[in-house]
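Undergrad: For reference, the file final.cif (mmCIF, C-alpha atoms and all ligand atoms; chains and numbers go by the auth columns) is included below:
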```cif
data_run
loop_
_atom_site.group_PDB
_atom_site.id
_atom_site.type_symbol
_atom_site.label_atom_id
_atom_site.label_comp_id
_atom_site.label_asym_id
_atom_site.label_seq_id
_atom_site.Cartn_x
_atom_site.Cartn_y
_atom_site.Cartn_z
_atom_site.B_iso_or_equiv
_atom_site.auth_seq_id
_atom_site.auth_asym_id
ATOM 1 C CA MET A 1 17.473 1.688 16.013 0.00 157 W
ATOM 2 C CA THR A 2 16.821 0.439 12.514 0.00 158 W
ATOM 3 C CA GLN A 3 13.793 0.782 10.334 0.00 159 W
ATOM 4 C CA THR A 4 12.850 -0.819 7.051 0.00 160 W
ATOM 5 C CA CYS A 5 13.621 1.570 4.241 0.00 161 W
ATOM 6 C CA ALA A 6 10.464 2.630 2.416 0.00 162 W
ATOM 7 C CA GLY A 7 12.130 3.506 -0.836 0.00 163 W
ATOM 8 C CA SER A 8 15.219 4.844 -2.434 0.00 164 W
ATOM 9 C CA LEU A 9 18.008 6.839 -0.903 0.00 165 W
ATOM 10 C CA ALA A 10 16.226 10.014 -1.965 0.00 166 W
ATOM 11 C CA THR A 11 13.120 9.048 0.002 0.00 167 W
ATOM 12 C CA CYS A 12 15.178 8.891 3.130 0.00 168 W
ATOM 13 C CA GLY A 13 16.289 12.497 2.841 0.00 169 W
ATOM 14 C CA GLY A 14 18.718 13.722 5.409 0.00 170 W
ATOM 15 C CA TYR A 15 17.281 11.742 8.230 0.00 171 W
ATOM 16 C CA TYR A 16 18.150 8.181 7.390 0.00 172 W
ATOM 17 C CA THR A 17 21.400 6.614 6.418 0.00 173 W
ATOM 18 C CA CYS A 18 20.160 4.132 3.853 0.00 174 W
ATOM 19 C CA GLY A 19 21.522 0.739 3.107 0.00 175 W
ATOM 20 C CA GLN A 20 19.875 -1.530 0.579 0.00 176 W
ATOM 21 C CA VAL A 21 17.098 -2.601 2.906 0.00 177 W
ATOM 22 C CA ILE A 22 17.677 -1.056 6.294 0.00 178 W
ATOM 23 C CA CYS A 23 17.761 2.581 7.317 0.00 179 W
ATOM 24 C CA ALA A 24 19.729 3.387 10.407 0.00 180 W
ATOM 25 C CA ILE A 25 18.164 6.392 12.028 0.00 181 W
ATOM 26 C CA ALA A 26 20.665 9.065 12.896 0.00 182 W
ATOM 27 C CA CYS A 27 18.537 10.520 15.633 0.00 183 W
ATOM 28 C CA ASP A 28 19.698 13.430 17.706 0.00 184 W
ATOM 29 C CA CYS A 29 17.203 14.541 20.334 0.00 185 W
ATOM 30 C CA VAL A 30 19.533 15.880 22.989 0.00 186 W
ATOM 31 C CA CYS A 31 17.300 18.894 23.681 0.00 187 W
ATOM 32 C CA HIS A 32 14.020 16.975 23.874 0.00 188 W
ATOM 33 C CA GLY A 33 12.546 17.694 27.304 0.00 189 W
ATOM 34 C CA ASP A 34 15.244 20.330 27.760 0.00 190 W
ATOM 35 C CA PRO A 35 13.831 23.368 25.952 0.00 191 W
ATOM 36 C CA ASN A 36 16.654 25.693 26.953 0.00 192 W
ATOM 37 C CA CYS A 37 19.097 22.937 25.972 0.00 193 W
ATOM 38 C CA ASP A 38 21.555 23.512 28.786 0.00 194 W
ATOM 39 C CA GLY A 39 21.992 19.787 29.360 0.00 195 W
ATOM 40 C CA ILE A 40 19.928 19.834 32.554 0.00 196 W
ATOM 41 C CA LYS A 41 16.782 17.806 32.001 0.00 197 W
ATOM 42 C CA VAL A 42 14.600 19.097 33.681 0.00 198 W
ATOM 43 C CA ASP A 43 14.834 22.132 35.920 0.00 199 W
ATOM 44 C CA VAL A 44 12.534 25.030 36.732 0.00 200 W
ATOM 45 C CA LEU A 45 13.632 27.005 33.660 0.00 201 W
ATOM 46 C CA ASP A 46 12.551 24.155 31.397 0.00 202 W
ATOM 47 C CA VAL A 47 9.218 23.923 33.189 0.00 203 W
ATOM 48 C CA VAL A 48 8.713 27.670 32.765 0.00 204 W
ATOM 49 C CA ALA A 49 9.460 27.335 29.049 0.00 205 W
ATOM 50 C CA ALA A 50 6.941 24.495 28.693 0.00 206 W
ATOM 51 C CA VAL A 51 4.310 26.493 30.572 0.00 207 W
ATOM 52 C CA GLY A 52 4.916 29.364 28.170 0.00 208 W
ATOM 53 C CA VAL A 53 4.287 27.128 25.164 0.00 209 W
ATOM 54 C CA ALA A 54 1.306 25.358 26.707 0.00 210 W
ATOM 55 C CA PHE A 55 -0.527 28.328 28.221 0.00 211 W
ATOM 56 C CA ARG A 56 0.945 31.609 26.998 0.00 212 W
ATOM 57 C CA ASN A 57 1.102 31.197 23.240 0.00 213 W
ATOM 58 C CA GLN A 58 4.885 31.144 23.216 0.00 214 W
ATOM 59 C CA PRO A 59 6.222 29.570 20.025 0.00 215 W
ATOM 60 C CA SER A 60 7.450 25.987 20.224 0.00 216 W
ATOM 61 C CA THR A 61 11.145 25.317 19.954 0.00 217 W
ATOM 62 C CA CYS A 62 11.598 22.651 17.314 0.00 218 W
ATOM 63 C CA ASP A 63 14.543 20.467 16.430 0.00 219 W
ATOM 64 C CA ALA A 64 15.300 18.970 13.058 0.00 220 W
ATOM 65 C CA GLY A 65 16.800 15.509 12.753 0.00 221 W
ATOM 66 C CA CYS A 66 14.852 14.364 15.768 0.00 222 W
ATOM 67 C CA THR A 67 11.995 12.418 14.221 0.00 223 W
ATOM 68 C CA PRO A 68 11.241 10.825 10.866 0.00 224 W
ATOM 69 C CA ASN A 69 8.453 13.383 10.487 0.00 225 W
ATOM 70 C CA GLY A 70 10.904 16.244 10.233 0.00 226 W
ATOM 71 C CA ARG A 71 10.937 18.353 13.350 0.00 227 W
ATOM 72 C CA ALA A 72 9.863 17.729 16.925 0.00 228 W
ATOM 73 C CA GLU A 73 8.901 20.060 19.742 0.00 229 W
ATOM 74 C CA ARG A 74 11.328 20.085 22.630 0.00 230 W
ATOM 75 C CA THR A 75 8.431 20.477 25.063 0.00 231 W
ATOM 76 C CA ASP A 76 6.188 17.743 23.599 0.00 232 W
ATOM 77 C CA VAL A 77 7.455 15.096 25.983 0.00 233 W
ATOM 78 C CA ASP A 78 4.586 12.649 25.394 0.00 234 W
ATOM 79 C CA CYS A 79 4.924 12.860 21.608 0.00 235 W
ATOM 80 C CA ASP A 80 1.297 13.628 20.818 0.00 236 W
ATOM 81 C CA GLY A 81 2.237 16.530 18.565 0.00 237 W
ATOM 82 C CA ASP A 82 1.353 19.369 20.905 0.00 238 W
ATOM 83 C CA THR A 83 2.609 20.915 24.126 0.00 239 W
ATOM 84 C CA ASP A 84 -0.157 20.958 26.711 0.00 240 W
ATOM 85 C CA VAL A 85 -0.825 20.468 30.397 0.00 241 W
ATOM 86 C CA LEU A 86 0.119 16.768 30.210 0.00 242 W
ATOM 87 C CA ASP A 87 3.599 17.651 29.014 0.00 243 W
ATOM 88 C CA VAL A 88 3.940 20.265 31.747 0.00 244 W
ATOM 89 C CA LEU A 89 2.925 17.679 34.352 0.00 245 W
ATOM 90 C CA LYS A 90 5.520 15.200 33.091 0.00 246 W
ATOM 91 C CA MET A 91 8.201 17.873 33.214 0.00 247 W
ATOM 92 C CA VAL A 92 7.150 18.880 36.734 0.00 248 W
ATOM 93 C CA ASN A 93 7.369 15.208 37.763 0.00 249 W
ATOM 94 C CA VAL A 94 10.954 15.016 36.523 0.00 250 W
ATOM 95 C CA ALA A 95 11.998 18.419 37.850 0.00 251 W
ATOM 96 C CA PHE A 96 10.450 18.268 41.293 0.00 252 W
ATOM 97 C CA ARG A 97 9.223 14.736 42.053 0.00 253 W
ATOM 98 C CA ASN A 98 12.265 12.615 41.198 0.00 254 W
ATOM 99 C CA ALA A 99 10.644 10.995 38.173 0.00 255 W
ATOM 100 C CA ASN A 100 13.131 9.648 35.631 0.00 256 W
ATOM 101 C CA ALA A 101 13.166 11.482 32.304 0.00 257 W
ATOM 102 C CA GLU A 102 14.123 8.222 30.573 0.00 258 W
ATOM 103 C CA THR A 103 10.864 6.570 31.582 0.00 259 W
ATOM 104 C CA GLU A 104 8.649 9.644 31.896 0.00 260 W
ATOM 105 C CA PHE A 105 9.297 11.123 28.456 0.00 261 W
ATOM 106 C CA CYS A 106 8.556 9.666 25.051 0.00 262 W
ATOM 107 C CA LYS A 107 11.358 9.126 22.559 0.00 263 W
ATOM 108 C CA PRO A 108 10.699 11.103 19.369 0.00 264 W
ATOM 109 C CA CYS A 109 13.151 8.856 17.525 0.00 265 W
ATOM 110 C CA ASP A 110 10.975 5.827 18.259 0.00 266 W
ATOM 111 C CA THR A 111 7.548 7.457 18.358 0.00 267 W
ATOM 112 C CA PRO A 112 7.384 10.047 15.604 0.00 268 W
ATOM 113 C CA PRO A 113 4.994 12.776 16.698 0.00 269 W
ATOM 114 C CA PRO A 114 2.949 14.688 14.188 0.00 270 W
ATOM 115 C CA SER A 115 4.711 17.992 13.750 0.00 271 W
ATOM 116 C CA ALA A 116 1.830 20.463 13.392 0.00 272 W
ATOM 117 C CA ASN A 117 3.616 22.991 15.587 0.00 273 W
ATOM 118 C CA CYS A 118 6.927 22.460 13.835 0.00 274 W
ATOM 119 C CA PRO A 119 6.365 23.138 10.160 0.00 275 W
HETATM 120 CA CA CA B . 17.367 22.670 30.812 0.00 301 W
HETATM 121 CA CA CA B . 2.329 16.548 24.217 0.00 302 W
#
```
Could you quickly redo this structure as structure tokens?

TA:
Amino acid sequence: MTQTCAGSLATCGGYYTCGQVICAIACDCVCHGDPNCDGIKVDVLDVVAAVGVAFRNQPSTCDAGCTPNGRAERTDVDCDGDTDVLDVLKMVNVAFRNANAETEFCKPCDTPPPSANCP
């Protein structure tokens, strides 16, 4: 994915690799939708983790280098900036109803979520 570079190399920070005009996004979201980051996306442990964030005040697990906005929640699989019942439903669909994580989940690299829970 490429994105027009807004400014100088400094503006791009650690997230973009800047050319003169184009920034290539070095996006690494391997744990998105996989809160325990065991490479299995999604199983019951991931669903339990998302339920904890959505309903039990558990802190979000955030990853840097995963969105132009800075950090993204692993359990915010619809990229609206928060982990709630909709994210839990999407994860349940992938874990137990044969939904495809590729189509069910948003891509934080392409759709930068606001990062209110990931300061
Ligand atoms: Ca997992
Ligand atoms: Ca969400």

Undergrad: Just checking: using all atoms listed in the file, which residue out of W:Cys274, W:Gly208, W:Ala251, W:Asp238 ends up closest to ligand CA 301 (chain W)?

TA: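 Closest candidate: W:Ala251.
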
Undergrad: Return as a list of chain:residue names every polymer residue, whether protein, DNA or RNA, with at least one atom no more than 8 Å from an atom of ligand CA 302 (chain W); count all atoms listed in the file.

TA: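 The residues within 8 Å of ligand CA 302 (chain W), counting all atoms listed in the file, are W:Thr231, W:Asp232, W:Val233, W:Asp234, W:Cys235, W:Asp236, W:Gly237, W:Asp238, W:Thr239, W:Asp240, W:Val241, W:Leu242, W:Asp243.
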
Undergrad: How would you report the residues lying within 9 Å of ligand CA 301 (chain W), as a list in words, if you count all atoms listed in the file?

TA: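 So, counting all atoms listed in the file, the residues near ligand CA 301 (chain W) are Cys187, Gly189, Asp190, Pro191, Asn192, Cys193, Asp194, Gly195, Ile196, Lys197, Val198, Asp199, Val200, Leu201, Asp202 and Val203 of chain W.
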
Undergrad: Could you turn the residues from that selection into a file that holds C-alpha atoms, as an mmCIF file, keeping the file's coordinate frame?

TA:
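For reference, selection.cif as written:
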```cif
data_model
loop_
_atom_site.group_PDB
_atom_site.id
_atom_site.type_symbol
_atom_site.label_atom_id
_atom_site.label_comp_id
_atom_site.auth_asym_id
_atom_site.auth_seq_id
_atom_site.Cartn_x
_atom_site.Cartn_y
_atom_site.Cartn_z
ATOM 1 C CA CYS W 187 17.300 18.894 23.681
ATOM 2 C CA GLY W 189 12.546 17.694 27.304
ATOM 3 C CA ASP W 190 15.244 20.330 27.760
ATOM 4 C CA PRO W 191 13.831 23.368 25.952
ATOM 5 C CA ASN W 192 16.654 25.693 26.953
ATOM 6 C CA CYS W 193 19.097 22.937 25.972
ATOM 7 C CA ASP W 194 21.555 23.512 28.786
ATOM 8 C CA GLY W 195 21.992 19.787 29.360
ATOM 9 C CA ILE W 196 19.928 19.834 32.554
ATOM 10 C CA LYS W 197 16.782 17.806 32.001
ATOM 11 C CA VAL W 198 14.600 19.097 33.681
ATOM 12 C CA ASP W 199 14.834 22.132 35.920
ATOM 13 C CA VAL W 200 12.534 25.030 36.732
ATOM 14 C CA LEU W 201 13.632 27.005 33.660
ATOM 15 C CA ASP W 202 12.551 24.155 31.397
ATOM 16 C CA VAL W 203 9.218 23.923 33.189
#
```

Undergrad: Calculate how many Å separate CA of Glu260 in chain W from CA of Glu229 in chain W, rounding to one decimal.

TA: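 CA of Glu229 in chain W lies at a distance of 16.0 Å from CA of Glu260 in chain W.
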
Undergrad: On this file, the PyMOL selection byres (((chain W and resi 227) around 6) and not hetatm) gives some set of residues; write that set as a list in words.

TA: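 Checking the PyMOL selection byres (((chain W and resi 227) around 6) and not hetatm) against this file, the residues are Cys218, Asp219, Ala220, Gly226, Ala228 and Cys274 of chain W.
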
Undergrad: Provide the CA of Val204 in chain W to CA of Pro264 in chain W distance in Å, to one decimal place.

TA: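 One can read the CA of Val204 in chain W to CA of Pro264 in chain W distance as 21.4 Å.
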